[in-house]
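S.K.: Pasting upload.txt here (compact mmCIF, C-alpha atoms):
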```txt
# COMPACT_ATOMS: atom_id res chain seq x y z
CA MET H 18 28.29 13.99 0.43
CA GLU H 19 25.29 15.13 -1.62
CA GLU H 20 24.73 11.59 -2.94
CA HIS H 21 24.62 10.27 0.63
CA THR H 22 22.02 12.91 1.52
CA LYS H 23 19.87 11.91 -1.45
CA MET H 24 20.00 8.26 -0.45
CA ALA H 25 19.06 9.03 3.14
CA ALA H 26 16.12 11.17 2.03
CA ALA H 27 14.74 8.32 -0.11
CA GLU H 28 14.81 5.78 2.71
CA PRO H 29 11.37 4.86 4.04
CA ILE H 30 10.44 6.27 7.40
CA ARG H 31 9.88 3.22 9.56
CA ILE H 32 7.62 3.61 12.53
CA SER H 33 7.67 0.69 14.92
CA ARG H 34 4.49 -0.56 16.46
CA PRO H 35 3.85 1.16 19.76
CA ILE H 36 5.15 -0.59 22.83
CA GLU H 37 2.47 -1.87 25.16
CA SER H 38 2.75 1.09 27.56
CA GLU H 39 2.19 3.55 24.66
CA GLN H 40 -0.90 1.79 23.31
CA PRO H 41 -3.45 3.70 25.48
CA LYS H 42 -1.96 7.07 24.42
CA VAL H 43 -2.05 6.08 20.74
CA ALA H 44 -5.71 5.04 21.05
CA GLU H 45 -6.56 8.25 22.93
CA LEU H 46 -4.83 10.41 20.32
CA TYR H 47 -6.61 8.56 17.51
CA ARG H 48 -10.04 9.02 19.16
CA MET H 49 -9.31 12.69 19.78
CA LEU H 50 -8.32 13.28 16.15
CA ILE H 51 -11.32 11.56 14.59
CA HIS H 52 -13.77 13.37 16.88
CA ALA H 53 -12.18 16.80 17.18
CA GLY H 54 -12.61 17.72 13.51
CA LYS H 55 -9.63 20.05 13.20
CA ALA H 56 -6.14 19.53 14.54
CA ALA H 57 -3.20 21.83 15.15
CA LEU H 58 0.37 21.60 16.31
CA ILE H 59 1.59 23.66 19.23
CA GLY H 60 5.24 24.67 19.12
CA PRO H 61 7.63 24.99 22.07
CA ASP H 62 6.90 28.74 22.13
CA ASN H 63 3.12 28.03 22.20
CA SER H 64 2.78 29.06 18.56
CA ARG H 65 -0.08 27.23 16.86
CA ILE H 66 -0.46 26.04 13.30
CA ASP H 67 -3.54 24.24 11.96
CA LEU H 68 -2.77 21.00 10.14
CA PRO H 69 -3.58 20.99 6.43
CA PRO H 70 -6.13 18.31 5.48
CA SER H 71 -3.52 16.14 3.71
CA ILE H 72 -1.32 16.00 6.81
CA TYR H 73 -4.33 15.52 9.09
CA ASP H 74 -5.60 12.58 6.99
CA THR H 75 -2.12 11.01 6.94
CA LEU H 76 -1.75 11.36 10.71
CA VAL H 77 -5.17 9.78 11.29
CA LYS H 78 -4.25 6.82 9.04
CA ILE H 79 -0.91 6.39 10.84
CA LEU H 80 -2.59 6.40 14.25
CA GLU H 81 -5.36 4.08 13.05
CA THR H 82 -2.76 1.55 11.93
CA MET H 83 -0.64 1.94 15.07
CA GLN H 84 -3.58 1.50 17.42
CA GLU H 85 -4.19 -1.85 15.71
CA GLY H 86 -0.69 -2.77 16.91
CA LYS H 87 0.80 -2.71 13.41
CA SER H 88 4.08 -1.18 12.28
CA ILE H 89 4.08 1.21 9.35
CA ALA H 90 6.48 2.71 6.85
CA VAL H 91 6.05 6.02 5.05
CA VAL H 92 7.58 5.86 1.57
CA PRO H 93 7.58 8.55 -1.14
CA LEU H 94 5.42 7.58 -4.14
CA MET H 95 8.34 8.39 -6.42
CA GLU H 96 10.56 5.86 -4.65
CA GLN H 97 12.28 3.70 -7.27
CA LEU H 98 11.99 -0.05 -6.84
CA SER H 99 14.00 -2.81 -8.48
CA THR H 100 12.21 -5.62 -10.27
CA GLN H 101 12.93 -7.91 -7.29
CA ALA H 102 11.56 -5.38 -4.76
CA THR H 103 8.47 -4.95 -6.94
CA ALA H 104 8.00 -8.72 -7.16
CA ASP H 105 8.40 -9.07 -3.38
CA PHE H 106 5.89 -6.28 -2.77
CA LEU H 107 3.30 -7.86 -5.09
CA GLY H 108 4.01 -11.44 -3.99
CA VAL H 109 4.95 -12.68 -7.45
CA SER H 110 8.16 -13.80 -9.14
CA ARG H 111 10.73 -11.39 -10.55
CA GLN H 112 10.36 -13.03 -13.97
CA PHE H 113 6.60 -12.39 -13.90
CA ILE H 114 7.30 -8.70 -13.21
CA VAL H 115 9.82 -8.53 -16.05
CA ARG H 116 7.22 -10.01 -18.44
CA GLU H 117 4.60 -7.51 -17.22
CA LEU H 118 7.07 -4.65 -17.73
CA GLU H 119 7.98 -5.79 -21.23
CA ALA H 120 4.27 -6.19 -22.07
CA GLY H 121 3.73 -2.54 -21.09
CA LYS H 122 1.46 -3.35 -18.16
CA ILE H 123 3.62 -1.42 -15.68
CA GLN H 124 5.51 1.75 -16.47
CA PHE H 125 9.24 1.60 -15.86
CA HIS H 126 12.50 3.25 -16.81
CA TYR H 127 16.12 2.24 -16.95
CA ALA H 128 18.78 3.33 -14.47
CA GLY H 129 21.84 2.28 -16.42
CA THR H 130 21.03 -1.28 -17.47
CA HIS H 131 18.60 -1.94 -14.61
CA ARG H 132 14.84 -1.58 -14.80
CA ARG H 133 13.35 0.67 -12.13
CA ILE H 134 9.69 1.11 -11.26
CA TYR H 135 8.22 3.98 -9.29
CA LEU H 136 6.18 2.92 -6.26
CA LYS H 137 3.20 4.92 -7.55
CA ASP H 138 3.19 2.80 -10.72
CA VAL H 139 3.38 -0.43 -8.70
CA LEU H 140 0.43 0.71 -6.59
CA ASP H 141 -1.55 1.65 -9.74
CA TYR H 142 -0.80 -1.77 -11.25
CA ARG H 143 -1.87 -3.54 -8.05
CA ALA H 144 -5.14 -1.59 -7.95
CA LYS H 145 -5.89 -2.45 -11.61
CA ARG H 146 -5.16 -6.14 -10.96
CA MET H 147 -7.43 -6.17 -7.91
CA HIS H 148 -10.21 -4.45 -9.86
CA ALA H 149 -9.84 -6.91 -12.78
CA ARG H 150 -9.85 -9.85 -10.34
CA ARG H 151 -13.03 -8.62 -8.65
CA ALA H 152 -14.72 -8.03 -12.02
CA SER H 153 -13.76 -11.55 -13.11
CA ILE H 154 -15.23 -13.08 -9.96
CA ASP H 155 -18.42 -11.04 -10.43
CA ARG H 156 -18.71 -12.28 -14.04
CA MET H 157 -18.23 -15.89 -12.96
CA ALA H 158 -20.86 -15.52 -10.23
CA GLN H 159 -23.28 -13.89 -12.69
CA LYS H 160 -22.82 -16.69 -15.25
CA SER H 161 -23.19 -19.29 -12.52
CA GLU H 162 -26.42 -17.66 -11.35
CA GLU H 163 -27.78 -17.44 -14.89
CA SER H 164 -27.06 -21.13 -15.53
CA GLY H 165 -28.65 -22.16 -12.22
CA ASP H 166 -25.40 -23.56 -10.84
CA TYR H 167 -24.81 -20.89 -8.21
CA ASP H 168 -26.49 -22.70 -5.31
CA ARG H 169 -25.75 -26.25 -6.49
CA PHE H 170 -23.25 -28.26 -4.46
CA VAL H 171 -20.68 -30.09 -6.54
CA PRO H 172 -18.94 -32.77 -4.47
CA PRO H 173 -15.22 -33.18 -4.98
CA ASP H 174 -14.01 -36.13 -7.02
CA GLU H 175 -13.11 -39.03 -4.74
CA GLU H 176 -10.57 -41.56 -5.83
```
Give the structure from the file, written as structure tokens.

M.R.:
Amino acid sequence: MEEHTKMAAAEPIRISRPIESEQPKVAELYRMLIHAGKAALIGPDNSRIDLPPSIYDTLVKILETMQEGKSIAVVPLMEQLSTQATADFLGVSRQFIVRELEAGKIQFHYAGTHRRIYLKDVLDYRAKRMHARRASIDRMAQKSEESGDYDRFVPPDEE
């Protein structure tokens, strides 16, 4: 029974996109939160508790995404992902992920004989890749500018 409870607790919380009739309320709630400054919850007995900044910021982000008509999922950062789930999340092949793991580019651990990666480590890896990609593009643009090729049109080869 305890194992079942652990599995259920690790499942992502999926929040569907709001149905069309809820959209105005979601937008109103979002506007209220970003302009009110401080938010609180009121209990059934009219007890009031101010939201801590971390919960407030999370709620604002959830509402911002929902008012755009998007669905969201809330997943613990320590959620363990398989190599296939990691590959799917990053949009690459499983074999590429395995090579990155073995090269030490992403932290991982073994669960039995299977590699597992924490979501927080996948997100860190993705952020580093995006930063490296941007830096690479900036370097190419800088070199192109320095060589005078930046504004020059190069027609494609025609066969």

S.K.: Contacts of stretch 72-87 of chain H at 10 Å or less, counting only C-alpha atoms, minus same-chain residues fewer than 2 places along, as a PDB file with C-alpha atoms, keeping the file's coordinate frame?

M.R.:
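So out06.pdb came out as:
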```
ATOM      1  CA  ILE H  32       7.620   3.610  12.530  1.00  0.00           C
ATOM      2  CA  SER H  33       7.670   0.690  14.920  1.00  0.00           C
ATOM      3  CA  ARG H  34       4.490  -0.560  16.460  1.00  0.00           C
ATOM      4  CA  PRO H  35       3.850   1.160  19.760  1.00  0.00           C
ATOM      5  CA  ILE H  36       5.150  -0.590  22.830  1.00  0.00           C
ATOM      6  CA  GLU H  37       2.470  -1.870  25.160  1.00  0.00           C
ATOM      7  CA  GLU H  39       2.190   3.550  24.660  1.00  0.00           C
ATOM      8  CA  GLN H  40      -0.900   1.790  23.310  1.00  0.00           C
ATOM      9  CA  PRO H  41      -3.450   3.700  25.480  1.00  0.00           C
ATOM     10  CA  LYS H  42      -1.960   7.070  24.420  1.00  0.00           C
ATOM     11  CA  VAL H  43      -2.050   6.080  20.740  1.00  0.00           C
ATOM     12  CA  ALA H  44      -5.710   5.040  21.050  1.00  0.00           C
ATOM     13  CA  GLU H  45      -6.560   8.250  22.930  1.00  0.00           C
ATOM     14  CA  LEU H  46      -4.830  10.410  20.320  1.00  0.00           C
ATOM     15  CA  TYR H  47      -6.610   8.560  17.510  1.00  0.00           C
ATOM     16  CA  ARG H  48     -10.040   9.020  19.160  1.00  0.00           C
ATOM     17  CA  MET H  49      -9.310  12.690  19.780  1.00  0.00           C
ATOM     18  CA  LEU H  50      -8.320  13.280  16.150  1.00  0.00           C
ATOM     19  CA  ILE H  51     -11.320  11.560  14.590  1.00  0.00           C
ATOM     20  CA  GLY H  54     -12.610  17.720  13.510  1.00  0.00           C
ATOM     21  CA  LYS H  55      -9.630  20.050  13.200  1.00  0.00           C
ATOM     22  CA  ALA H  56      -6.140  19.530  14.540  1.00  0.00           C
ATOM     23  CA  ALA H  57      -3.200  21.830  15.150  1.00  0.00           C
ATOM     24  CA  ASP H  67      -3.540  24.240  11.960  1.00  0.00           C
ATOM     25  CA  LEU H  68      -2.770  21.000  10.140  1.00  0.00           C
ATOM     26  CA  PRO H  69      -3.580  20.990   6.430  1.00  0.00           C
ATOM     27  CA  PRO H  70      -6.130  18.310   5.480  1.00  0.00           C
ATOM     28  CA  ILE H  89       4.080   1.210   9.350  1.00  0.00           C
ATOM     29  CA  ALA H  90       6.480   2.710   6.850  1.00  0.00           C
ATOM     30  CA  VAL H  91       6.050   6.020   5.050  1.00  0.00           C
TER      31      VAL H  91
END
```

S.K.: Atom CA of H:Gln101 and atom CA of H:His131 are how many Å apart?

M.R.: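 The value is 11.0 Å.
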
S.K.: Return the single residue from H:Ile154, H:Ala128, H:Ile59, H:Leu136 that is closest to H:Ala104, with distances computed using all atoms listed in the file.

M.R.: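 The shortest atom-to-atom distance to H:Ala104 comes from H:Leu136.
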
S.K.: Give me, please, the distance in Å between atom CA of H:Met95 and atom CA of H:Lys137, quoted to one decimal.

M.R.: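 Separation of atom CA of H:Met95 and atom CA of H:Lys137: 6.3 Å.
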
S.K.: Tell me, in Å to one decimal, how far atom CA of H:Leu140 is from atom CA of H:Gln159.

M.R.: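 Distance reported for this atom pair: 28.5 Å.
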
S.K.: Residues proximal to (14.2, -1.2, -6.0) were defined as those with any atom within 10 Å of that point in the file's coordinates, counting all atoms listed in the file. Which are they, as a compact mmCIF listing (two decimals) with C-alpha atoms, in the coordinates of the input?

M.R.:
```txt
# COMPACT_ATOMS: atom_id res chain seq x y z
CA GLU H 96 10.56 5.86 -4.65
CA GLN H 97 12.28 3.70 -7.27
CA LEU H 98 11.99 -0.05 -6.84
CA SER H 99 14.00 -2.81 -8.48
CA THR H 100 12.21 -5.62 -10.27
CA GLN H 101 12.93 -7.91 -7.29
CA ALA H 102 11.56 -5.38 -4.76
CA THR H 103 8.47 -4.95 -6.94
CA ALA H 104 8.00 -8.72 -7.16
CA HIS H 131 18.60 -1.94 -14.61
CA ARG H 132 14.84 -1.58 -14.80
CA ARG H 133 13.35 0.67 -12.13
CA ILE H 134 9.69 1.11 -11.26
CA TYR H 135 8.22 3.98 -9.29
CA LEU H 136 6.18 2.92 -6.26
```

S.K.: Pick the closest to H:Tyr142 from H:Glu117, H:Asp168, H:Glu163, H:Asp105: which is it, counting only C-alpha atoms?

M.R.: H:Glu117
